[in-house]
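These notes concern the structure reproduced below.
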Amino acid sequence: MEGLVGVSRVTPVRTHLRQKHLPFVPTSSLKFTKSLYRNRTRVGMNQHPKSPNPIAASIQPLEASALSRFDNTQPSKEVLDLWRNADAVCFDVDSTVCLDEGIDELAEYCGAGKAVAEWTARAMSGSVPFEEALAARLSLFNPSLSQVQDFLEERPARLSPGIDELVKKLKANDTDVYLVSGGFRQMIKPVASILGIPPENVFANQLLFGTSGEFLGFDKNEPTSRSGGKATAVQQIRKAHTYKELIMIGDGATDLEARQPGGADLFICYAGVQFREAVAAKANWLVFNFEDLISSLD
């Protein structure tokens, strides 16, 4: 999930880039070919009422042109070694583990999608503290407990293709997996359950409700409720478990911030849903699909 900070370019990626794998040659470095999202994994069996039609996976000309400017679509030996030997991997959730932005989906369900989107668009024109942005957007629709419960039942989260296989692969390699998100525990808990990630490995915000289910706000004690919160959460994770090598994977500036002393050693930018050029340019490794990461572990 991207924090509300200005970036030079944000491109929704309507593609799934896939190639036949050679003994680890990143598919993003090969010639792109067309394929379809034939299977979009869902958390639950219900169909999203506004699910898009399957989308042809050919990279758009603008994206192909932009991609030529990046030299990090293939990992260096050092990056690859760190990835393969990581003690822990922290994933962003919105637009990384999942295809959607949770708060925007919830706002739409509650009838305030346009208002939240317009506020977000204004906020994106400059730097806004995350806690301010979060409070402002929630205040536009004040979701009740029953609305959140109905939303989760009627619109189960959509997992990004390959994420379940990647998590299984990491766990098989004795790598601990965490979800670190600016989203809400109520919405992330089902995702963590499907992926087999224990509740204690989820760092996210908490919606607060009164005895009658009325919306009261969010828990401001959660580190991810504030600007720089993901970096703080990753530092806490590393310190608590004395991990030697830890990696952050996400799509936005708040995920990139986690790469700092005492935090993540590497930042892998996942641009399979949102391609943010300013963030991608600073990543240690830029990928457009999780198959690259899976194959690199073989």
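By order of appearance in the structure tokens: chains A, B, ..., then residues from 1 within every chain, and ligands from 1 in the order shown.
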Margin query: Just want the 12 Å neighbourhood of stretch 73-80 of chain A, counted on only C-alpha atoms, with same-chain residues fewer than 5 positions away dropped. Output as an MDAnalysis selection string.
Written below: chainID A and resid 24:30 67:68 85:86 245:247 265:271 280:289 292:298
Write out, as a compact mmCIF listing (two decimals), in the first residue's frame, the residues just selected, with C-alpha atoms.
```txt
# COMPACT_ATOMS: atom_id res chain seq x y z
CA PHE A 24 16.67 -18.53 -12.82
CA VAL A 25 16.58 -15.86 -15.44
CA PRO A 26 14.13 -13.21 -14.18
CA THR A 27 11.08 -13.16 -16.41
CA SER A 28 10.99 -9.37 -16.22
CA SER A 29 14.26 -9.29 -18.15
CA LEU A 30 12.87 -11.39 -20.99
CA LEU A 67 10.97 -0.12 -17.93
CA SER A 68 13.95 0.36 -20.22
CA ASN A 85 19.19 -16.64 2.79
CA ALA A 86 16.70 -14.29 4.43
CA GLU A 245 18.77 -10.83 7.22
CA LEU A 246 15.30 -9.37 6.68
CA ILE A 247 13.59 -8.28 3.45
CA ASP A 265 18.35 -5.15 4.44
CA LEU A 266 16.66 -5.16 1.04
CA PHE A 267 13.57 -3.66 -0.55
CA ILE A 268 11.94 -5.59 -3.38
CA CYS A 269 9.43 -3.48 -5.28
CA TYR A 270 6.42 -5.49 -6.44
CA ALA A 271 4.89 -3.60 -9.37
CA ALA A 280 10.75 1.29 -8.31
CA ALA A 281 13.86 3.30 -9.14
CA LYS A 282 15.14 3.00 -5.57
CA ALA A 283 14.40 -0.71 -5.10
CA ASN A 284 17.12 -3.32 -4.85
CA TRP A 285 15.04 -5.51 -7.13
CA LEU A 286 12.00 -4.65 -9.28
CA VAL A 287 9.57 -7.46 -10.11
CA PHE A 288 6.21 -7.53 -11.86
CA ASN A 289 5.15 -10.99 -10.77
CA ASP A 292 10.37 -14.48 -10.46
CA LEU A 293 10.78 -14.66 -6.71
CA ILE A 294 9.53 -18.23 -6.53
CA SER A 295 11.88 -19.49 -9.25
CA SER A 296 14.84 -17.72 -7.70
CA LEU A 297 14.47 -19.88 -4.59
CA ASP A 298 14.96 -23.13 -6.50
```
Residues within 12 Å of A:Ile103, please, as a PDB file with N, CA and C atoms, in the first residue's frame. Count only C-alpha atoms; anything in the same chain fewer than 5 positions from it doesn't count.
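The new file selection22.pdb reads:
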```
ATOM      1  N   MET A   1       0.848  -1.192   0.000  1.00  0.00           N
ATOM      2  CA  MET A   1       0.000   0.000   0.000  1.00  0.00           C
ATOM      3  C   MET A   1       0.871   1.226   0.000  1.00  0.00           C
ATOM      4  N   GLU A   2       0.513   2.202  -0.795  1.00  0.00           N
ATOM      5  CA  GLU A   2       1.281   3.415  -0.911  1.00  0.00           C
ATOM      6  C   GLU A   2       0.821   4.442   0.096  1.00  0.00           C
ATOM      7  N   VAL A  93       0.477  -5.419   2.186  1.00  0.00           N
ATOM      8  CA  VAL A  93      -0.744  -6.159   1.844  1.00  0.00           C
ATOM      9  C   VAL A  93      -1.463  -5.547   0.653  1.00  0.00           C
ATOM     10  N   ASP A  94      -1.963  -4.323   0.784  1.00  0.00           N
ATOM     11  CA  ASP A  94      -2.732  -3.710  -0.298  1.00  0.00           C
ATOM     12  C   ASP A  94      -1.859  -3.461  -1.523  1.00  0.00           C
ATOM     13  N   SER A  95      -2.329  -3.904  -2.678  1.00  0.00           N
ATOM     14  CA  SER A  95      -1.629  -3.777  -3.965  1.00  0.00           C
ATOM     15  C   SER A  95      -0.327  -4.579  -4.005  1.00  0.00           C
ATOM     16  N   GLU A 108     -16.057   2.382  -0.821  1.00  0.00           N
ATOM     17  CA  GLU A 108     -16.997   2.215  -1.929  1.00  0.00           C
ATOM     18  C   GLU A 108     -18.209   1.412  -1.487  1.00  0.00           C
ATOM     19  N   TYR A 109     -17.951   0.352  -0.738  1.00  0.00           N
ATOM     20  CA  TYR A 109     -19.043  -0.492  -0.252  1.00  0.00           C
ATOM     21  C   TYR A 109     -19.997   0.308   0.637  1.00  0.00           C
ATOM     22  N   CYS A 110     -19.432   1.234   1.418  1.00  0.00           N
ATOM     23  CA  CYS A 110     -20.241   2.044   2.340  1.00  0.00           C
ATOM     24  C   CYS A 110     -20.830   3.286   1.671  1.00  0.00           C
ATOM     25  N   ALA A 112     -19.147   5.729  -0.015  1.00  0.00           N
ATOM     26  CA  ALA A 112     -18.319   6.937   0.009  1.00  0.00           C
ATOM     27  C   ALA A 112     -17.072   6.795  -0.854  1.00  0.00           C
ATOM     28  N   GLY A 113     -17.122   5.892  -1.804  1.00  0.00           N
ATOM     29  CA  GLY A 113     -15.947   5.643  -2.623  1.00  0.00           C
ATOM     30  C   GLY A 113     -15.440   6.865  -3.354  1.00  0.00           C
ATOM     31  N   VAL A 116     -13.854   9.496  -0.912  1.00  0.00           N
ATOM     32  CA  VAL A 116     -12.546   9.063  -0.416  1.00  0.00           C
ATOM     33  C   VAL A 116     -11.507   9.154  -1.522  1.00  0.00           C
ATOM     34  N   ALA A 117     -11.897   8.746  -2.737  1.00  0.00           N
ATOM     35  CA  ALA A 117     -10.972   8.802  -3.868  1.00  0.00           C
ATOM     36  C   ALA A 117     -10.573  10.243  -4.186  1.00  0.00           C
ATOM     37  N   THR A 120      -8.210  11.446  -1.493  1.00  0.00           N
ATOM     38  CA  THR A 120      -6.910  10.828  -1.688  1.00  0.00           C
ATOM     39  C   THR A 120      -6.166  11.503  -2.831  1.00  0.00           C
ATOM     40  N   ALA A 133      -4.084  11.437   7.081  1.00  0.00           N
ATOM     41  CA  ALA A 133      -4.768  10.918   5.904  1.00  0.00           C
ATOM     42  C   ALA A 133      -5.724   9.789   6.279  1.00  0.00           C
ATOM     43  N   LEU A 134      -5.295   8.907   7.166  1.00  0.00           N
ATOM     44  CA  LEU A 134      -6.127   7.786   7.577  1.00  0.00           C
ATOM     45  C   LEU A 134      -7.374   8.268   8.300  1.00  0.00           C
ATOM     46  N   ALA A 135      -7.194   9.193   9.237  1.00  0.00           N
ATOM     47  CA  ALA A 135      -8.330   9.716  10.000  1.00  0.00           C
ATOM     48  C   ALA A 135      -9.312  10.448   9.093  1.00  0.00           C
ATOM     49  N   ALA A 136      -8.782  11.232   8.162  1.00  0.00           N
ATOM     50  CA  ALA A 136      -9.643  12.012   7.274  1.00  0.00           C
ATOM     51  C   ALA A 136     -10.486  11.112   6.382  1.00  0.00           C
ATOM     52  N   ARG A 137      -9.894  10.078   5.841  1.00  0.00           N
ATOM     53  CA  ARG A 137     -10.651   9.195   4.956  1.00  0.00           C
ATOM     54  C   ARG A 137     -11.703   8.399   5.723  1.00  0.00           C
ATOM     55  N   LEU A 138     -11.344   7.918   6.897  1.00  0.00           N
ATOM     56  CA  LEU A 138     -12.327   7.168   7.686  1.00  0.00           C
ATOM     57  C   LEU A 138     -13.495   8.050   8.104  1.00  0.00           C
ATOM     58  N   SER A 139     -13.215   9.316   8.386  1.00  0.00           N
ATOM     59  CA  SER A 139     -14.275  10.226   8.820  1.00  0.00           C
ATOM     60  C   SER A 139     -15.306  10.500   7.728  1.00  0.00           C
ATOM     61  N   LEU A 140     -14.950  10.188   6.504  1.00  0.00           N
ATOM     62  CA  LEU A 140     -15.861  10.413   5.390  1.00  0.00           C
ATOM     63  C   LEU A 140     -16.968   9.366   5.320  1.00  0.00           C
ATOM     64  N   PHE A 141     -16.760   8.210   5.982  1.00  0.00           N
ATOM     65  CA  PHE A 141     -17.825   7.205   5.925  1.00  0.00           C
ATOM     66  C   PHE A 141     -18.064   6.471   7.243  1.00  0.00           C
ATOM     67  N   ASN A 142     -17.190   6.625   8.244  1.00  0.00           N
ATOM     68  CA  ASN A 142     -17.421   6.076   9.580  1.00  0.00           C
ATOM     69  C   ASN A 142     -18.047   4.669   9.560  1.00  0.00           C
ATOM     70  N   PRO A 143     -17.323   3.677   9.118  1.00  0.00           N
ATOM     71  CA  PRO A 143     -17.910   2.340   8.968  1.00  0.00           C
ATOM     72  C   PRO A 143     -18.298   1.709  10.297  1.00  0.00           C
ATOM     73  N   VAL A 148     -18.585  -3.495   8.219  1.00  0.00           N
ATOM     74  CA  VAL A 148     -17.304  -4.164   7.979  1.00  0.00           C
ATOM     75  C   VAL A 148     -17.512  -5.664   7.845  1.00  0.00           C
ATOM     76  N   PHE A 151     -19.172  -6.390   4.552  1.00  0.00           N
ATOM     77  CA  PHE A 151     -18.198  -6.165   3.476  1.00  0.00           C
ATOM     78  C   PHE A 151     -17.271  -7.372   3.319  1.00  0.00           C
ATOM     79  N   LEU A 152     -16.769  -7.872   4.423  1.00  0.00           N
ATOM     80  CA  LEU A 152     -15.845  -9.005   4.378  1.00  0.00           C
ATOM     81  C   LEU A 152     -16.523 -10.254   3.820  1.00  0.00           C
ATOM     82  N   ALA A 157     -11.303 -10.575  -0.039  1.00  0.00           N
ATOM     83  CA  ALA A 157     -10.091 -10.034  -0.645  1.00  0.00           C
ATOM     84  C   ALA A 157      -9.621 -10.908  -1.794  1.00  0.00           C
ATOM     85  N   SER A 181       1.201  -3.761   7.318  1.00  0.00           N
ATOM     86  CA  SER A 181       0.261  -2.994   6.502  1.00  0.00           C
ATOM     87  C   SER A 181      -0.299  -1.769   7.212  1.00  0.00           C
ATOM     88  N   GLY A 182      -0.612  -0.765   6.405  1.00  0.00           N
ATOM     89  CA  GLY A 182      -1.334   0.400   6.907  1.00  0.00           C
ATOM     90  C   GLY A 182      -2.828   0.172   6.873  1.00  0.00           C
ATOM     91  N   GLY A 183      -3.228  -1.031   6.423  1.00  0.00           N
ATOM     92  CA  GLY A 183      -4.636  -1.399   6.406  1.00  0.00           C
ATOM     93  C   GLY A 183      -5.104  -1.880   7.768  1.00  0.00           C
ATOM     94  N   PHE A 184      -6.222  -2.591   7.793  1.00  0.00           N
ATOM     95  CA  PHE A 184      -6.863  -2.930   9.065  1.00  0.00           C
ATOM     96  C   PHE A 184      -6.843  -4.425   9.338  1.00  0.00           C
ATOM     97  N   ARG A 185      -6.601  -4.747  10.605  1.00  0.00           N
ATOM     98  CA  ARG A 185      -6.519  -6.152  11.014  1.00  0.00           C
ATOM     99  C   ARG A 185      -7.796  -6.917  10.668  1.00  0.00           C
ATOM    100  N   GLN A 186      -8.942  -6.256  10.826  1.00  0.00           N
ATOM    101  CA  GLN A 186     -10.203  -6.939  10.545  1.00  0.00           C
ATOM    102  C   GLN A 186     -10.261  -7.442   9.106  1.00  0.00           C
ATOM    103  N   MET A 187      -9.619  -6.729   8.194  1.00  0.00           N
ATOM    104  CA  MET A 187      -9.644  -7.089   6.787  1.00  0.00           C
ATOM    105  C   MET A 187      -8.458  -7.968   6.398  1.00  0.00           C
ATOM    106  N   ILE A 188      -7.384  -7.894   7.163  1.00  0.00           N
ATOM    107  CA  ILE A 188      -6.171  -8.650   6.839  1.00  0.00           C
ATOM    108  C   ILE A 188      -6.173 -10.030   7.482  1.00  0.00           C
ATOM    109  N   ASN A 205      -3.287  -1.867  11.366  1.00  0.00           N
ATOM    110  CA  ASN A 205      -4.112  -0.997  12.181  1.00  0.00           C
ATOM    111  C   ASN A 205      -5.370  -1.724  12.658  1.00  0.00           C
ATOM    112  N   LEU A 207      -9.418  -1.103  13.661  1.00  0.00           N
ATOM    113  CA  LEU A 207     -10.618  -0.273  13.753  1.00  0.00           C
ATOM    114  C   LEU A 207     -11.242  -0.477  15.131  1.00  0.00           C
TER     115      LEU A 207
END
```
Margin query: So the first atom is atom CA of A:Ser227 and the second is atom CA of A:Pro129; what is the distance between them in Å, to one decimal place?
Written below: 5.6 Å
Next item on the list: Go through stretch 74-284 of chain A and collect every residue that DSSP, computed from the backbone, puts in strand (DSSP E); the answer should be as a ChimeraX atom specification.
Entry: /A:88-91,176-184,202-205,207-209,215-218,246-250,266-270,274-276
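Atom CA of A:Ile237 to atom CA of A:Asp174 spans 16.3 Å [interatomic distance, one decimal].
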Next item on the list: Select from stretch 96-170 of chain A everything DSSP, run on the backbone, classes as alpha helix (DSSP H), then give the selection as JSON, numbers by chain.
Entry: {"A": [102, 103, 104, 105, 106, 107, 108, 109, 113, 114, 115, 116, 117, 118, 119, 120, 121, 122, 123, 130, 131, 132, 133, 134, 135, 136, 137, 138, 139, 145, 146, 147, 148, 149, 150, 151, 152, 153, 154, 163, 164, 165, 166, 167, 168, 169, 170]}
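Candidate residues A:Ala107, A:Glu131, A:Val234, A:Val202 were compared for distance to A:Phe218, and the nearest is A:Glu131, using only C-alpha atoms.
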Notebook entry, point to check: Smallest atom-to-atom distance to A:Phe91: which of A:Ala172, A:Ala264, A:Leu216, A:Ala278, using only C-alpha atoms?
Noted result: A:Ala264
Margin query: Which residues are near A:Gly210? Cut-off 10 Å, only C-alpha atoms, ignore same chain within fewer than 5 positions. Put them as a ChimeraX atom specification.
Written below: /A:144-145,215-217
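When atom CA of A:Phe203 is paired with atom CA of A:Glu154, their separation reads 24.4 Å.
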